[in-house]
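Here the structure is laid out as structure tokens; the discussion comes afterwards.
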Amino acid sequence: MKVVIASRLYPPEVGAAAFRLEALNRGLTQAGAEVSVLTTRPPKFAGNIGSGRGVSRWPVLRDSGGNVRGYLQYMSFDIPLFFRLLTSSADIVVAEPPPTTGLVVAVSSLLRRRPFVYYAADIWTDALAATSAPGPVIKLMKSLEGFAFRRAGKVIAISDGVAERTRRFGVSPDRVVVVGNGVNTDAFSAQGARADPGYAYFVYTGTMSEWQGADVFIDAMAEVLQHSPDTRLHFFGQGSAEAELRLKAHEIAPDRVVFSGVVEPREAARWIRGAAASLVSIVPGQGYDFAKPTKIYAAAACGTPVVYAGVGDAARLVQDNGLGAASPYSTTDVARAMLHFLEQPDTNRTERSAWVEANASLRQAGQRAADEVISAALQAH
């Protein structure tokens with residue numbers, strides 16, 4: 001069986017989507033499939049791309065942060081992708097967000113008369129609606145996302161929340177399957193080196209966007225520093241809200257909030273292991289309360305407690321499984337949770353790491369996703 005994965009993100013780029021697709025590739029390969037990946041040429045800072053067997057890379061436009069983010073950037077990938085797909089031999093294609101890529105895969109699959117699967121890690125237009133994007137743009141993207149969902153032979157969702165939101169686009173329930181989500185427990189584990197910069201610190205890893213609202217942690221640092229003046233907050237990653245976060249940090253806690261950019265997973269794990277807690281947030285009430293950020297699993301896999309600011313599925317995930325503390329999205333509540341992990345000895349690191357290995361291993365999620373892709377191809381043929 002020949003499978004093509006179409007995505008603007010793939011290792012060595014760092015990100016949940018890239019790691020998830022790599023796990024899918026491994027699962028498909030172990031099942032005997034021949035896998036091709038149509039992706040982008042990574043930015044120079046991503047490091048060595050390796051041999052990349054079966055990986056075809058195309059140069060694309062990137063924003064100032066090196067991301068394929070923005071409509072011109074998407075088009076620089078999606079338009080060539082359309083012709084790459086038309087000339088690619090495959091029994092089935094796997095599409096990833098954004099909806100423009102889903103549209104390209106859907107139309108090319110219709111022309112080539114072959115099925116495709118949409119790997120829904122989130123509802124892209126829900127995240128878009130939580131930003132300052134114009135209403136007509138959101139409406140257009142929503143129509144494209146719905147079209148891709150409905151045309152797919154199967155939609156693979158990473159959680160029950162994503163699956164439920166997918167069905168609202170008019171997708172038949174029997175074509176939506178949940179495979180779960182996870183983290184690479186080889187890179188993120190309780191065993192390994194810990195960063196020791198000589199002071200206590202918190203970490204925030206991954207994307208910094210408007211709907212995540214990481215500014216609440218910078219505000220909370222003002223209260224934390226009153227009790228523990230040498231404590232730091234380290235940000236690893238980048239995103240559309242980074243400039244505003246840097247400005248707020250300079251105003252509220254200069255020299256106590258550090259932005260270190262994107263680092264490779266094992267370096268991120270080293271800093272997570274040494275942290276008092278890992279910080280995760282989603283601004284409540286923006287239609288994204290069903291999300292379960294992958295950074296929760298990464299922190300817990302390292303044994304580090306999570307301070308989650310927000311409500312919904314992620315709050316329950318953290319609270320119900322002993323992964324840390326779920327806090328209301330307010331400065332005082334978040335500061336109180338951060339101080340708790342600064343002042344109280346944490347004895348649950350082994351249990352957290354074991355829970356992730358048993359319940360949120362990316363290896364297992366990738367295998368389940370691979371099984372669903374193969375099943376969809378067999379049903380179509």
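So you can find residues: chains in the structure tokens are A, B, ... in the order shown, residues in each start at 1, and ligands are numbered from 1 in order.
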
Self-check item: Residues near Val105 (chain A), cut-off 10 Å, only C-alpha atoms, skip fewer than 6 positions along chain, as a ChimeraX atom specification
Solution: /A:5-6,78,81-82,85-86,93-96,99,111,115-118,148,151-152

Using C-alpha atoms, can you export the residues from the last selection as a compact mmCIF listing (two decimals), in the first residue's frame?
# COMPACT_ATOMS: atom_id res chain seq x y z
CA ILE A 5 1.37 12.38 3.88
CA ALA A 6 0.87 16.04 2.91
CA ASP A 78 -0.43 24.57 -1.13
CA LEU A 81 1.42 20.75 -3.39
CA PHE A 82 -1.59 20.48 -5.71
CA LEU A 85 -0.14 15.38 -5.51
CA LEU A 86 -1.42 15.08 -9.07
CA VAL A 93 -3.41 10.56 1.09
CA VAL A 94 -3.26 11.98 4.61
CA ALA A 95 -3.95 15.71 5.00
CA GLU A 96 -3.11 18.03 7.90
CA PRO A 99 -7.94 24.08 5.73
CA LEU A 111 -9.29 14.30 -9.68
CA PRO A 115 -9.45 8.49 -0.95
CA PHE A 116 -7.89 10.73 1.63
CA VAL A 117 -7.88 10.96 5.43
CA TYR A 118 -7.93 14.24 7.36
CA ALA A 148 -12.28 19.04 3.61
CA ARG A 151 -14.93 15.01 1.57
CA ALA A 152 -12.54 12.90 3.65

Quiz item: Within 8 Å of Ser260 (chain A), counting only C-alpha atoms, which residues qualify if same-chain residues fewer than 3 places away don't, as a VMD selection string?
Solution: chain A and resid 234 to 237 263

Practice problem: Can you work out which one of A:Val179, A:Val257, A:Ala277, A:Val318 has the shortest atom-to-atom distance to Pro293 (chain A), counting only C-alpha atoms? | Solution: A:Val318

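With only C-alpha atoms as the atoms that count, the residue of A:Phe259, A:Tyr308, A:Trp211, A:Trp271 with the shortest distance to Phe188 (chain A) is A:Trp271.
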
Exercise. Would you kindly return, as an MDAnalysis selection string, each protein, DNA or RNA residue with an atom no farther than 10 Å from any atom of Phe19 (chain A), considering only C-alpha atoms and excluding same-chain residues fewer than 3 positions away?
Key: chainID A and resid 9:16 22:25 182:184 362:363 366

Just-selected residues, C-alpha atoms written as a PDB file, in the first residue's frame:
ATOM      1  CA  LEU A   9       5.343  20.612   9.040  1.00  0.00           C
ATOM      2  CA  TYR A  10       7.630  17.625   9.447  1.00  0.00           C
ATOM      3  CA  PRO A  11      10.822  16.949  11.437  1.00  0.00           C
ATOM      4  CA  PRO A  12      13.405  18.346  11.892  1.00  0.00           C
ATOM      5  CA  GLU A  13      10.986  21.218  12.505  1.00  0.00           C
ATOM      6  CA  VAL A  14       9.891  21.255  16.126  1.00  0.00           C
ATOM      7  CA  GLY A  15       6.179  21.046  16.829  1.00  0.00           C
ATOM      8  CA  ALA A  16       3.401  18.744  17.906  1.00  0.00           C
ATOM      9  CA  GLU A  22       6.488  11.249  12.153  1.00  0.00           C
ATOM     10  CA  ALA A  23       4.818   8.776  14.536  1.00  0.00           C
ATOM     11  CA  LEU A  24       2.136   8.094  11.913  1.00  0.00           C
ATOM     12  CA  ASN A  25       4.847   7.461   9.311  1.00  0.00           C
ATOM     13  CA  GLY A 182       0.618  11.895  23.010  1.00  0.00           C
ATOM     14  CA  VAL A 183       4.255  12.834  23.253  1.00  0.00           C
ATOM     15  CA  ASN A 184       7.516  11.173  22.294  1.00  0.00           C
ATOM     16  CA  LEU A 362       2.872   9.211  20.794  1.00  0.00           C
ATOM     17  CA  ARG A 363       4.144   5.868  19.614  1.00  0.00           C
ATOM     18  CA  GLY A 366       0.765   6.895  15.827  1.00  0.00           C
TER      19      GLY A 366
END

Test item: residues at most 8 Å from Ile158 (chain A), only C-alpha atoms, excluding those fewer than 5 positions along its chain, as a PDB file with C-alpha atoms, in the first residue's frame:
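Okay, part_5.pdb is ready:
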ATOM      1  CA  ALA A 120      -7.639  16.626  12.788  1.00  0.00           C
ATOM      2  CA  ALA A 121      -5.360  17.636  15.633  1.00  0.00           C
ATOM      3  CA  ASP A 122      -7.614  20.610  16.298  1.00  0.00           C
ATOM      4  CA  ALA A 163     -14.223  14.634  17.214  1.00  0.00           C
ATOM      5  CA  VAL A 178     -10.520   9.126  17.908  1.00  0.00           C
ATOM      6  CA  VAL A 179      -6.934   7.882  18.072  1.00  0.00           C
ATOM      7  CA  GLY A 180      -5.738   9.958  21.012  1.00  0.00           C
ATOM      8  CA  ASN A 181      -2.706  12.174  21.317  1.00  0.00           C
TER       9      ASN A 181
END

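Shortest separation to Ser189 (chain A) among A:Arg113, A:Lys154, A:His381, A:Arg270 occurs at residue A:Arg270, atoms counted being only C-alpha atoms.
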
Self-check item: Contacts of Arg266 (chain A) within 12 Å, only C-alpha atoms, excl. fewer than 6 positions in-chain, as a PyMOL selection string
Solution: chain A and resi 14+184-195+272-273+298+302

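Remark: for Asp346 (chain A), the closest of the candidate residues A:Ala214, A:Val334, A:Val155, A:Ala276 is A:Ala276 (distances computed over only C-alpha atoms).
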
List every residue of region 22-191 of chain A that DSSP, applied to the backbone of this structure, places in strand (DSSP E), and write the result as a short mmCIF file (atom, residue, chain, number, x, y, z; two decimals) with all heavy atoms, in the first residue's frame.
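Dumped everything to states-v5.cif:
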data_model
loop_
_atom_site.label_atom_id
_atom_site.label_comp_id
_atom_site.auth_asym_id
_atom_site.auth_seq_id
_atom_site.Cartn_x
_atom_site.Cartn_y
_atom_site.Cartn_z
N GLU A 34 4.23 1.67 2.09
CA GLU A 34 5.27 2.49 1.49
C GLU A 34 4.82 3.94 1.63
O GLU A 34 3.80 4.34 1.07
CB GLU A 34 5.45 2.14 0.01
CG GLU A 34 6.50 2.96 -0.70
CD GLU A 34 6.59 2.62 -2.18
OE1 GLU A 34 6.33 1.45 -2.53
OE2 GLU A 34 6.90 3.54 -2.98
N VAL A 35 5.57 4.74 2.39
CA VAL A 35 5.13 6.08 2.76
C VAL A 35 5.99 7.14 2.09
O VAL A 35 7.22 7.06 2.09
CB VAL A 35 5.19 6.28 4.29
CG1 VAL A 35 4.65 7.67 4.68
CG2 VAL A 35 4.41 5.19 5.01
N SER A 36 5.31 8.14 1.51
CA SER A 36 5.97 9.32 0.98
C SER A 36 5.44 10.54 1.74
O SER A 36 4.25 10.61 2.03
CB SER A 36 5.70 9.49 -0.52
OG SER A 36 6.18 8.37 -1.24
N VAL A 37 6.31 11.48 2.04
CA VAL A 37 5.92 12.70 2.74
C VAL A 37 6.19 13.89 1.83
O VAL A 37 7.32 14.09 1.38
CB VAL A 37 6.68 12.87 4.06
CG1 VAL A 37 6.23 14.15 4.77
CG2 VAL A 37 6.47 11.66 4.96
N LEU A 38 5.15 14.67 1.54
CA LEU A 38 5.29 15.90 0.77
C LEU A 38 5.24 17.05 1.76
O LEU A 38 4.20 17.35 2.33
CB LEU A 38 4.17 16.03 -0.26
CG LEU A 38 4.04 14.87 -1.26
CD1 LEU A 38 2.94 15.18 -2.28
CD2 LEU A 38 5.36 14.59 -1.97
N THR A 39 6.36 17.71 1.97
CA THR A 39 6.45 18.74 3.00
C THR A 39 7.32 19.89 2.53
O THR A 39 7.52 20.06 1.31
CB THR A 39 6.98 18.12 4.32
OG1 THR A 39 6.89 19.08 5.36
CG2 THR A 39 8.40 17.62 4.18
N THR A 40 7.80 20.69 3.46
CA THR A 40 8.55 21.89 3.14
C THR A 40 10.03 21.72 3.46
O THR A 40 10.42 20.87 4.26
CB THR A 40 8.03 23.08 3.96
OG1 THR A 40 8.19 22.81 5.35
CG2 THR A 40 6.56 23.33 3.67
N VAL A 55 10.95 11.41 1.94
CA VAL A 55 10.50 12.76 2.26
C VAL A 55 10.88 13.71 1.13
O VAL A 55 12.06 13.87 0.82
CB VAL A 55 11.08 13.25 3.60
CG1 VAL A 55 10.59 14.67 3.91
CG2 VAL A 55 10.71 12.31 4.73
N SER A 56 9.89 14.32 0.51
CA SER A 56 10.10 15.27 -0.58
C SER A 56 9.84 16.68 -0.05
O SER A 56 8.75 16.98 0.42
CB SER A 56 9.16 14.97 -1.75
OG SER A 56 9.26 15.96 -2.75
N ARG A 57 10.85 17.55 -0.15
CA ARG A 57 10.75 18.89 0.45
C ARG A 57 10.70 19.96 -0.64
O ARG A 57 11.38 19.86 -1.66
CB ARG A 57 11.94 19.13 1.39
CG ARG A 57 11.99 18.11 2.54
CD ARG A 57 13.10 18.43 3.52
NE ARG A 57 13.17 17.43 4.58
CZ ARG A 57 12.43 17.46 5.69
NH1 ARG A 57 11.59 18.47 5.88
NH2 ARG A 57 12.54 16.52 6.61
N TRP A 58 9.89 21.00 -0.37
CA TRP A 58 9.70 22.08 -1.32
C TRP A 58 9.99 23.41 -0.63
O TRP A 58 9.56 23.62 0.50
CB TRP A 58 8.26 22.07 -1.83
CG TRP A 58 8.01 22.99 -2.99
CD1 TRP A 58 7.58 24.29 -2.93
CD2 TRP A 58 8.18 22.68 -4.37
NE1 TRP A 58 7.48 24.81 -4.20
CE2 TRP A 58 7.84 23.85 -5.11
CE3 TRP A 58 8.60 21.54 -5.07
CZ2 TRP A 58 7.90 23.91 -6.50
CZ3 TRP A 58 8.66 21.60 -6.45
CH2 TRP A 58 8.31 22.76 -7.15
N ILE A 92 -3.80 6.18 -0.90
CA ILE A 92 -4.52 7.08 0.00
C ILE A 92 -3.60 8.21 0.41
O ILE A 92 -2.36 8.04 0.45
CB ILE A 92 -5.06 6.32 1.24
CG1 ILE A 92 -6.06 7.18 2.01
CG2 ILE A 92 -3.91 5.85 2.14
CD1 ILE A 92 -6.86 6.37 3.03
N VAL A 93 -4.17 9.38 0.69
CA VAL A 93 -3.41 10.56 1.09
C VAL A 93 -3.88 10.98 2.48
O VAL A 93 -5.06 10.89 2.80
CB VAL A 93 -3.60 11.72 0.09
CG1 VAL A 93 -2.82 12.96 0.53
CG2 VAL A 93 -3.17 11.30 -1.31
N VAL A 94 -2.95 11.45 3.28
CA VAL A 94 -3.26 11.98 4.61
C VAL A 94 -3.02 13.48 4.59
O VAL A 94 -1.94 13.94 4.22
CB VAL A 94 -2.40 11.34 5.70
CG1 VAL A 94 -2.74 11.93 7.07
CG2 VAL A 94 -2.59 9.82 5.71
N ALA A 95 -4.05 14.26 4.97
CA ALA A 95 -3.95 15.71 5.00
C ALA A 95 -3.90 16.22 6.43
O ALA A 95 -4.50 15.64 7.34
CB ALA A 95 -5.16 16.34 4.29
N PHE A 116 -8.84 10.06 0.75
CA PHE A 116 -7.89 10.73 1.63
C PHE A 116 -8.46 10.75 3.05
O PHE A 116 -9.67 10.63 3.27
CB PHE A 116 -7.55 12.15 1.15
CG PHE A 116 -8.60 13.19 1.43
CD1 PHE A 116 -8.53 14.00 2.56
CD2 PHE A 116 -9.66 13.38 0.56
CE1 PHE A 116 -9.48 14.98 2.81
CE2 PHE A 116 -10.62 14.35 0.79
CZ PHE A 116 -10.53 15.15 1.93
N VAL A 117 -7.54 10.88 4.01
CA VAL A 117 -7.88 10.96 5.43
C VAL A 117 -7.44 12.32 5.94
O VAL A 117 -6.37 12.81 5.57
CB VAL A 117 -7.16 9.84 6.23
CG1 VAL A 117 -7.25 10.10 7.72
CG2 VAL A 117 -7.74 8.48 5.89
N TYR A 118 -8.29 12.95 6.75
CA TYR A 118 -7.93 14.24 7.36
C TYR A 118 -7.54 13.98 8.81
O TYR A 118 -8.32 13.44 9.58
CB TYR A 118 -9.12 15.21 7.29
CG TYR A 118 -8.73 16.65 7.50
CD1 TYR A 118 -8.65 17.53 6.43
CD2 TYR A 118 -8.44 17.15 8.77
CE1 TYR A 118 -8.30 18.87 6.62
CE2 TYR A 118 -8.09 18.47 8.96
CZ TYR A 118 -8.02 19.32 7.88
OH TYR A 118 -7.67 20.64 8.07
N TYR A 119 -6.31 14.36 9.16
CA TYR A 119 -5.80 14.17 10.53
C TYR A 119 -6.10 15.45 11.31
O TYR A 119 -5.39 16.44 11.22
CB TYR A 119 -4.30 13.91 10.48
CG TYR A 119 -3.75 13.15 11.67
CD1 TYR A 119 -2.61 12.36 11.54
CD2 TYR A 119 -4.35 13.23 12.93
CE1 TYR A 119 -2.08 11.67 12.62
CE2 TYR A 119 -3.83 12.53 14.01
CZ TYR A 119 -2.70 11.76 13.84
OH TYR A 119 -2.17 11.07 14.92
N ALA A 120 -7.18 15.43 12.08
CA ALA A 120 -7.64 16.63 12.79
C ALA A 120 -7.04 16.69 14.18
O ALA A 120 -7.55 16.08 15.12
CB ALA A 120 -9.16 16.64 12.86
N LYS A 154 -12.26 9.50 5.93
CA LYS A 154 -12.23 9.33 7.39
C LYS A 154 -11.54 10.55 7.99
O LYS A 154 -10.60 11.09 7.41
CB LYS A 154 -11.49 8.05 7.77
CG LYS A 154 -11.49 7.71 9.24
CD LYS A 154 -10.82 6.35 9.49
CE LYS A 154 -11.64 5.20 8.96
NZ LYS A 154 -11.07 3.88 9.35
N VAL A 155 -12.03 10.99 9.14
CA VAL A 155 -11.38 12.05 9.89
C VAL A 155 -10.81 11.44 11.16
O VAL A 155 -11.55 10.84 11.95
CB VAL A 155 -12.36 13.20 10.24
CG1 VAL A 155 -11.64 14.26 11.09
CG2 VAL A 155 -12.93 13.83 8.97
N ILE A 156 -9.53 11.58 11.34
CA ILE A 156 -8.85 11.08 12.53
C ILE A 156 -8.72 12.23 13.52
O ILE A 156 -8.09 13.24 13.23
CB ILE A 156 -7.45 10.53 12.19
CG1 ILE A 156 -7.55 9.35 11.22
CG2 ILE A 156 -6.72 10.11 13.45
CD1 ILE A 156 -6.20 8.86 10.74
N ALA A 157 -9.32 12.09 14.68
CA ALA A 157 -9.31 13.14 15.70
C ALA A 157 -8.43 12.71 16.86
O ALA A 157 -8.38 11.53 17.22
CB ALA A 157 -10.72 13.43 16.19
N VAL A 176 -15.75 9.55 11.72
CA VAL A 176 -14.86 10.27 12.65
C VAL A 176 -14.38 9.29 13.71
O VAL A 176 -15.19 8.66 14.41
CB VAL A 176 -15.59 11.45 13.33
CG1 VAL A 176 -14.63 12.20 14.25
CG2 VAL A 176 -16.16 12.40 12.27
N VAL A 177 -13.09 9.12 13.84
CA VAL A 177 -12.52 8.19 14.82
C VAL A 177 -11.53 8.93 15.71
O VAL A 177 -10.85 9.87 15.27
CB VAL A 177 -11.81 7.00 14.14
CG1 VAL A 177 -12.82 6.14 13.38
CG2 VAL A 177 -10.71 7.47 13.19
N VAL A 178 -11.44 8.52 16.94
CA VAL A 178 -10.52 9.13 17.91
C VAL A 178 -9.34 8.19 18.12
O VAL A 178 -9.52 7.02 18.48
CB VAL A 178 -11.23 9.40 19.25
CG1 VAL A 178 -10.25 9.99 20.26
CG2 VAL A 178 -12.42 10.33 19.05
#

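Among the candidates A:Ala314, A:Ala243, A:Val107, A:Ala326, the residue lying nearest to Ser64 (chain A) is A:Ala243 (atoms considered: only C-alpha atoms).
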
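Among the candidates A:Gln226, A:Pro80, A:Ala129, A:Asn348, the one nearest to Ser108 (chain A) when counting only C-alpha atoms is A:Pro80.
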
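Computed from the coordinates, the CA of Ser132 (chain A) to CA of Val306 (chain A) distance equals 28.4 Å.
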
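Note that the spacing between CA of Val280 (chain A) and CA of Val307 (chain A) amounts to 6.2 Å.
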
Quiz item: Which residues, written as a VMD selection string, have at least one atom at most 9 Å from Val216 (chain A), with only C-alpha atoms counted and residues fewer than 3 positions away on the same chain left out?
Solution: chain A and resid 213 219 to 221 281 309 329 to 331 334
